[in-house]
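S.K.: Right, I'll just put the structure down here and ask away after.
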Amino acid sequence: MYNYKHRIRIVKMGVFMTTIIQEKTQEIININPATGEEISKVPISNKEQVEEIVLRAKKYFPIWSKLSLKERARYLRKLQKQIVQDMEELVDTICKETGKTEMDGIVEIFTVAEHLNYIIKKGPKYLKDEPRSVGIFVHKKAYVSYHPKGVVGVISPWNYPFILTAGPLAQALMAGNTVVVKPSEVTPNTTLKLREIATRAGIPEDAFLVATGDGRTGAALVESLNTDMICFTGSTATGRKIAEICGRMLKPVILELGGKDPMIIFEDANLKRAVKAALWGGISNSGQTCIAVERVIVQESIYDKFIELLKQELSQIKQGYYKDEVSVGSMAFEKQFQIVMDHINEAKQKGAQIIAGGDRNSSFVNGLFIQPTVITNVKDDMKVWKDETFGPVLAIKTFKTEEEAIEIANKSPYGLNGSVWSKNIKRAQRVARQIKSGSICINDVLVNYIISDLPFGGVKESGLGRVYSKEGLRAFTDMQSVLVDRFNVPFELWWFPYSNKIKQLFKTFTKVLFG
């Protein structure tokens, strides 16, 4: 086990140690962030090894893509059942390498099972040929068909290593693609465990392959001439680099990036529900959620009552190890721990008020635990308000008018998710329409992600494209428009040779039909 002082030495020597790991041992040392214990050593795939893996997926693509939609759905049903059967094993793996609570791990399994259920039931319907109108050309037939792209590279993050791997994987497989997953170097074991479970479920090995490694491994997957699409979930900075590479290659890409989600609470909101939602939405998974509540925007007239209730609820939240009866776990790795602490400390220095938390939890000497933190009196230039914090921190501002609330919410480069709280549903819907975000909840938080029929993705610097729903499934395909002449007549009126008679006929048709 690593003690805290040893962990600090590792951070200070980070660049040197990473070089040793990559150049000499070619391994990643996987650490439990809650205890400091070493979990495993995982190989780093270099460019040549990544290409070998991609070529295996490419070779298998003609076999997988020729399966019927119902056959692919049957494979995914087996996977769903196997995941549920192996739930305890999966939760244990997830929690050990992320520092999550057991409940957070269970929620990952539940969410994936629900998404799989949707993909299995709706995939064959949404991916089959879809008839389209032919307008006035009644002697024709038109439809759209959806064809798999080929090899999809999925680059998944560390914060929800199971959901954000299994979700894109299932959609891509349902659409007929083969998949190569590059998991985060922070949480590779979860993806390797998923591959084990997929094998037990009978998913062909070369339909779903894994390339473990670091940033160079991911770059090799993106830059490969044999990957046909990239689906990336992670930071806006990395997403921008991937978009630039894929843009040059004209390679389709889905990017689910950062967020700084606003929660607007009006004076007529159900305040007890709003307080509980703010805490769960902002602090569950230690705030390491792309759609976490990070900016709470409260109407001035209820601010004092809101803070009072928030303190009461916060006092009941326990923090600790995943097998204990706790609500909040640790941060996932040292770098993110330091980012969150930097945001908190800068806010203190600039005059913000810390009304709860605000420091490392000293009860856990070897773990990366940050106390659930509430910050008020924040200003626009504070990192905790303008940058993605991605930790167990709520930053709070007040507003007077509806227009002011909307302005505050939209004053961000991000646009992933958000929520509006009011008993006046018409007002809440009116405000929601004016929030610039890919998704929004009314009197709820985060749960839109579990609703599989809702497309998920961001606007502005929060990403490109959508996953889940009809739109998400089809995002993993190439759309082909097909026109059929049903009667196979010898000629068409608009074919050569033209004549004055034909021209006059078309003028008459145009006037009668559209004039």
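Going by the structure tokens order, chains are called A, B, ..., each with residues numbered from 1, while ligands are numbered from 1 in the order shown.
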Report as a tab-separated table the residues of region 66-118 of chain A within 12 Å of region 176-188 of chain A, each with its shortest atom pair and distance in Å (one decimal), using only C-alpha atoms, ordered by chain and increasing residue number.
M.R.:
```
residue	atom	partner	partner_atom	distance
A:Lys66	CA	A:Gly176	CA	7.7
A:Leu67	CA	A:Gly176	CA	7.7
A:Ser68	CA	A:Gly176	CA	8.7
A:Leu69	CA	A:Gly176	CA	8.0
A:Lys70	CA	A:Gly176	CA	11.1
A:Glu71	CA	A:Gly176	CA	10.4
A:Arg72	CA	A:Gly176	CA	7.6
A:Ala73	CA	A:Gly176	CA	10.3
A:Tyr75	CA	A:Gly176	CA	11.7
A:Leu76	CA	A:Gly176	CA	11.9
A:Thr93	CA	A:Thr187	CA	9.4
A:Ile94	CA	A:Thr187	CA	8.0
A:Cys95	CA	A:Thr187	CA	10.0
A:Lys96	CA	A:Thr187	CA	9.4
A:Glu97	CA	A:Thr187	CA	5.9
A:Thr98	CA	A:Thr187	CA	6.9
A:Gly99	CA	A:Thr187	CA	10.6
A:Lys100	CA	A:Thr187	CA	11.9
```
S.K.: Considering only strand (DSSP E) as DSSP defines it on the backbone, what residues of region 201-251 of chain A qualify? List them as a ChimeraX atom specification.
M.R.: /A:208-210,229-233
S.K.: Within 8 Å of Ser439 (chain A), counting only C-alpha atoms, which residues qualify if same-chain residues fewer than 5 places away don't, as a PyMOL selection string?
M.R.: chain A and resi 416-418+448+456-458
S.K.: Calculated over only C-alpha atoms, which of the candidates A:Glu89, A:Glu52, A:Glu388, A:Asp214 has the smallest distance to Ala237 (chain A)?
M.R.: A:Glu388
S.K.: Report as a Markdown table the residues of region 277-304 of chain A within 12 Å of region 332-339 of chain A, each with its shortest atom pair and distance in Å (one decimal), using only C-alpha atoms, ordered by chain and increasing residue number.
M.R.:
```
| residue | atom | partner | partner_atom | distance |
| --- | --- | --- | --- | --- |
| A:Asn285 | CA | A:Ala332 | CA | 9.4 |
| A:Ser286 | CA | A:Ala332 | CA | 8.7 |
| A:Gly287 | CA | A:Ala332 | CA | 10.6 |
| A:Gln288 | CA | A:Ala332 | CA | 8.3 |
| A:Thr289 | CA | A:Ala332 | CA | 11.5 |
```
S.K.: Convert the current residue selection to file output with all heavy atoms, as a JSON list (two decimals), in the first residue's frame.
M.R.:
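Okay, result_10.json is ready:
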```
[["chain", "number", "residue", "atom", "x", "y", "z"],
["A", 285, "ASN", "N", -20.81, 10.36, -7.34],
["A", 285, "ASN", "CA", -19.59, 10.01, -8.09],
["A", 285, "ASN", "C", -18.48, 11.03, -7.84],
["A", 285, "ASN", "O", -17.64, 11.27, -8.70],
["A", 285, "ASN", "CB", -19.87, 9.86, -9.59],
["A", 285, "ASN", "CG", -18.80, 9.08, -10.31],
["A", 285, "ASN", "OD1", -18.29, 8.08, -9.79],
["A", 285, "ASN", "ND2", -18.42, 9.53, -11.49],
["A", 286, "SER", "N", -18.52, 11.65, -6.66],
["A", 286, "SER", "CA", -17.56, 12.71, -6.28],
["A", 286, "SER", "C", -17.55, 13.85, -7.30],
["A", 286, "SER", "O", -16.51, 14.48, -7.52],
["A", 286, "SER", "CB", -16.15, 12.14, -6.11],
["A", 286, "SER", "OG", -16.06, 11.39, -4.92],
["A", 287, "GLY", "N", -18.71, 14.11, -7.89],
["A", 287, "GLY", "CA", -18.82, 15.21, -8.85],
["A", 287, "GLY", "C", -18.15, 14.96, -10.18],
["A", 287, "GLY", "O", -18.12, 15.84, -11.05],
["A", 288, "GLN", "N", -17.64, 13.75, -10.38],
["A", 288, "GLN", "CA", -16.90, 13.42, -11.61],
["A", 288, "GLN", "C", -17.87, 12.91, -12.69],
["A", 288, "GLN", "O", -17.79, 11.77, -13.13],
["A", 288, "GLN", "CB", -15.81, 12.40, -11.30],
["A", 288, "GLN", "CG", -14.79, 12.91, -10.30],
["A", 288, "GLN", "CD", -13.92, 11.81, -9.75],
["A", 288, "GLN", "OE1", -12.71, 11.81, -9.90],
["A", 288, "GLN", "NE2", -14.52, 10.85, -9.06],
["A", 289, "THR", "N", -18.80, 13.78, -13.06],
["A", 289, "THR", "CA", -19.83, 13.46, -14.03],
["A", 289, "THR", "C", -19.91, 14.61, -15.02],
["A", 289, "THR", "O", -19.99, 15.77, -14.62],
["A", 289, "THR", "CB", -21.20, 13.29, -13.33],
["A", 289, "THR", "OG1", -21.07, 12.28, -12.31],
["A", 289, "THR", "CG2", -22.28, 12.87, -14.30]]
```
S.K.: My list of candidates is A:Lys305, A:Lys323, A:Lys58, A:Arg433. Which is closest to Thr227 (chain A) when distances are computed with only C-alpha atoms?
M.R.: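 When distances to Thr227 (chain A) are compared using only C-alpha atoms, the smallest one comes from A:Lys58.
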S.K.: Find the residues near Leu194 (chain A): any atom within 10 Å, counting only C-alpha atoms, skip ones fewer than 5 places away on the same chain, and give them as a list in words.
M.R.: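 Skipping anything fewer than 5 positions along the chain leaves Leu79, Gln82, Ile83, Asp86, Leu90, Phe162, Thr165, Ala166, Asn189, Thr199, Arg200 and Val210 of chain A.
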S.K.: Could you save the residues just selected, with N, CA and C atoms, as a short mmCIF file (atom, residue, chain, number, x, y, z; two decimals), in the first residue's frame?
M.R.:
```cif
data_model
loop_
_atom_site.label_atom_id
_atom_site.label_comp_id
_atom_site.auth_asym_id
_atom_site.auth_seq_id
_atom_site.Cartn_x
_atom_site.Cartn_y
_atom_site.Cartn_z
N LEU A 79 -25.32 -10.63 -24.00
CA LEU A 79 -24.39 -9.78 -23.26
C LEU A 79 -25.08 -9.13 -22.07
N GLN A 82 -25.53 -11.59 -19.30
CA GLN A 82 -24.26 -11.94 -18.67
C GLN A 82 -23.77 -10.82 -17.77
N ILE A 83 -23.98 -9.59 -18.18
CA ILE A 83 -23.60 -8.44 -17.34
C ILE A 83 -24.36 -8.46 -16.02
N ASP A 86 -23.09 -11.23 -13.81
CA ASP A 86 -21.77 -10.95 -13.25
C ASP A 86 -21.69 -9.58 -12.59
N LEU A 90 -18.37 -7.12 -11.62
CA LEU A 90 -18.18 -5.86 -12.32
C LEU A 90 -18.12 -4.67 -11.35
N PHE A 162 -17.53 2.03 -17.23
CA PHE A 162 -18.39 0.97 -17.77
C PHE A 162 -19.46 1.54 -18.69
N THR A 165 -18.13 3.04 -21.96
CA THR A 165 -17.55 2.06 -22.87
C THR A 165 -18.65 1.19 -23.47
N ALA A 166 -19.46 0.63 -22.59
CA ALA A 166 -20.49 -0.33 -23.03
C ALA A 166 -21.56 0.33 -23.89
N ASN A 189 -9.03 -1.71 -16.27
CA ASN A 189 -9.54 -3.02 -15.84
C ASN A 189 -11.02 -3.21 -16.11
N THR A 199 -16.96 -12.31 -23.74
CA THR A 199 -16.53 -13.64 -24.19
C THR A 199 -17.45 -14.71 -23.62
N ARG A 200 -17.78 -14.59 -22.33
CA ARG A 200 -18.71 -15.54 -21.72
C ARG A 200 -20.08 -15.51 -22.40
N VAL A 210 -9.82 -4.77 -27.58
CA VAL A 210 -9.37 -3.75 -26.64
C VAL A 210 -7.89 -3.46 -26.86
#
```
S.K.: Just to confirm, what's the straight-line distance from CA of Pro157 (chain A) to CA of Asp92 (chain A) in Å (one decimal)?
M.R.: 18.1 Å
S.K.: Contacts of Gly281 (chain A) at 9 Å or less, counting only C-alpha atoms, minus same-chain residues fewer than 5 places along, as a list in words?
M.R.: Lys276, Gly287, Thr289, Ile291, Ala292, Val293, Glu294, Val445 and Leu446 of chain A
S.K.: Which parts of region 115-334 of chain A does DSSP call alpha helix (DSSP H) when run on the backbone here, written out as a VMD selection string?
M.R.: chain A and resid 115 to 126 163 to 174 188 to 200 215 to 223 236 to 249 271 to 283 303 to 314 334
S.K.: Please provide the set of residues having any atom within 8 Å of Arg132 (chain A), restricted to only C-alpha atoms, with same-chain residues fewer than 5 positions apart removed, written as a compact mmCIF listing (two decimals) with all heavy atoms, in the first residue's frame.
M.R.:
```txt
# COMPACT_ATOMS: atom_id res chain seq x y z
N LYS A 141 -40.64 4.78 -55.91
CA LYS A 141 -40.57 4.34 -54.52
C LYS A 141 -39.26 4.85 -53.94
O LYS A 141 -38.23 4.82 -54.61
CB LYS A 141 -40.61 2.81 -54.46
CG LYS A 141 -40.44 2.22 -53.07
CD LYS A 141 -40.39 0.69 -53.15
CE LYS A 141 -40.12 0.08 -51.78
NZ LYS A 141 -40.01 -1.40 -51.86
N ALA A 142 -39.29 5.34 -52.69
CA ALA A 142 -38.07 5.87 -52.07
C ALA A 142 -37.93 5.33 -50.66
O ALA A 142 -38.92 5.13 -49.96
CB ALA A 142 -38.11 7.39 -52.05
N TYR A 143 -36.70 5.07 -50.26
CA TYR A 143 -36.42 4.67 -48.88
C TYR A 143 -34.98 5.01 -48.53
O TYR A 143 -34.15 5.28 -49.41
CB TYR A 143 -36.71 3.18 -48.66
CG TYR A 143 -35.88 2.22 -49.48
CD1 TYR A 143 -34.68 1.71 -49.00
CD2 TYR A 143 -36.32 1.80 -50.75
CE1 TYR A 143 -33.93 0.81 -49.74
CE2 TYR A 143 -35.57 0.90 -51.50
CZ TYR A 143 -34.38 0.41 -50.99
OH TYR A 143 -33.63 -0.47 -51.73
N VAL A 144 -34.72 5.00 -47.23
CA VAL A 144 -33.36 5.23 -46.73
C VAL A 144 -32.89 3.94 -46.08
O VAL A 144 -33.62 3.32 -45.30
CB VAL A 144 -33.33 6.38 -45.70
CG1 VAL A 144 -31.98 6.46 -45.01
CG2 VAL A 144 -33.66 7.71 -46.38
```
S.K.: From the list A:Ser469, A:Ser419, A:Asn488, A:Asn270, which residue is nearest Lys125 (chain A) when using only C-alpha atoms?
M.R.: A:Ser469
S.K.: For Tyr126 (chain A), find every residue with an atom within 8 Å (counting only C-alpha atoms), except residues of its own chain fewer than 4 positions away, and show them as a list in words.
M.R.: Lys122, Lys470, Leu473 and Arg474 of chain A
S.K.: What gap, in Å, lies between CA of Pro413 (chain A) and CA of Asp261 (chain A)?
M.R.: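 These atoms are spaced 10.7 Å apart.
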